[in-house]
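**Student:** Take a look at this one; I'll ask things after.
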Amino acid sequence: MGTEHSPKDSADSGSATTTAPTLIGSVQRACRLVEAMYTEGGATAKRLARLTGIPLPTVYHLLRTLSHEGYVQREGGAFRLSDDLPLAS
């Protein structure tokens, strides 16, 4: 059986030993929330927790941070991606 490599691993393909990349879990969870909001068009924190499998208190912390940074807006009880995402143009 061969080992599968993603495109991200291509830089390591020439080395004899491959080490796993260092991943930051909170960033991964925030990305899952952003993806869920994009798919849903907006959702409550409780629904986002169910969709992503992220514990509800963590969802609230991540949403607060994403909101503070301008990526998320709250409308009533639902959270959605901001119309003007603060991304480089």
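Just remember, in the structure tokens the first chain shown is A, the second B, etc., residues are 1-based per chain, and ligands are 1-based in the order shown.
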For the structure I just gave you, how does DSSP split region 7-76 of chain A - specifically, which residues are strand (DSSP E)? Reply as a list in words.
**Tutor:** Ala43, Thr44, Val72, Gln73, Arg74 and Glu75 of chain A
**Student:** List the neighbours of Gly53 (chain A) out to 10 Å using only C-alpha atoms; skip same-chain residues closer than 4 positions along the sequence, and give me the result as a ChimeraX atom specification.
**Tutor:** /A:29,32-33,47-49,59
**Student:** Enter the distance from CA of Ile24 (chain A) to CA of Leu51 (chain A), in Å, rounded to one decimal.
**Tutor:**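 Calculated distance between CA of Ile24 (chain A) and CA of Leu51 (chain A) is 20.3 Å.
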**Student:** For CA of Arg50 (chain A) and CA of Met37 (chain A), quote the distance in Å rounded to one decimal.
**Tutor:**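 CA of Arg50 (chain A) sits 12.3 Å away from CA of Met37 (chain A).
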**Student:** Excluding same-chain residues fewer than 6 positions from Glu75 (chain A), what lies within 12 Å of it counting only C-alpha atoms, as a VMD selection string?
**Tutor:** chain A and resid 41 to 45 67 81 to 82
**Student:** Name the residues in contact with Leu63 (chain A) at a cut-off of 10 Å, using only C-alpha atoms, excluding same-chain residues fewer than 2 positions from it; report them as a PyMOL selection string.
**Tutor:** chain A and resi 30+33-34+45+57-61+65-69+71-74+79-80
**Student:** Got time to write the residues from that selection, C-alpha atoms, as a PDB file, in the first residue's frame?
**Tutor:**
ATOM      1  CA  ALA A  30     -13.128  28.628  12.847  1.00  0.00           C
ATOM      2  CA  LEU A  33     -17.795  27.563  11.162  1.00  0.00           C
ATOM      3  CA  VAL A  34     -17.153  29.878   8.217  1.00  0.00           C
ATOM      4  CA  ALA A  45     -24.985  29.145  17.223  1.00  0.00           C
ATOM      5  CA  PRO A  57     -19.404  27.247  24.205  1.00  0.00           C
ATOM      6  CA  THR A  58     -16.513  27.019  21.711  1.00  0.00           C
ATOM      7  CA  VAL A  59     -18.823  28.072  18.880  1.00  0.00           C
ATOM      8  CA  TYR A  60     -19.787  31.184  20.856  1.00  0.00           C
ATOM      9  CA  HIS A  61     -16.132  32.048  21.534  1.00  0.00           C
ATOM     10  CA  THR A  65     -13.826  36.531  17.670  1.00  0.00           C
ATOM     11  CA  LEU A  66     -14.955  36.281  14.038  1.00  0.00           C
ATOM     12  CA  SER A  67     -17.491  39.032  14.691  1.00  0.00           C
ATOM     13  CA  HIS A  68     -14.888  41.274  16.333  1.00  0.00           C
ATOM     14  CA  GLU A  69     -12.607  40.817  13.306  1.00  0.00           C
ATOM     15  CA  TYR A  71     -16.019  38.260   9.349  1.00  0.00           C
ATOM     16  CA  VAL A  72     -19.406  37.547  10.950  1.00  0.00           C
ATOM     17  CA  GLN A  73     -22.563  39.550  11.568  1.00  0.00           C
ATOM     18  CA  ARG A  74     -25.357  38.711  13.948  1.00  0.00           C
ATOM     19  CA  PHE A  79     -24.987  34.454  12.569  1.00  0.00           C
ATOM     20  CA  ARG A  80     -23.916  34.934   8.972  1.00  0.00           C
TER      21      ARG A  80
END
**Student:** Would you work out the distance separating CA of Gly25 (chain A) from CA of Thr52 (chain A), expressed in Å to one decimal?
**Tutor:**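 Calculated distance between CA of Gly25 (chain A) and CA of Thr52 (chain A) is 13.3 Å.
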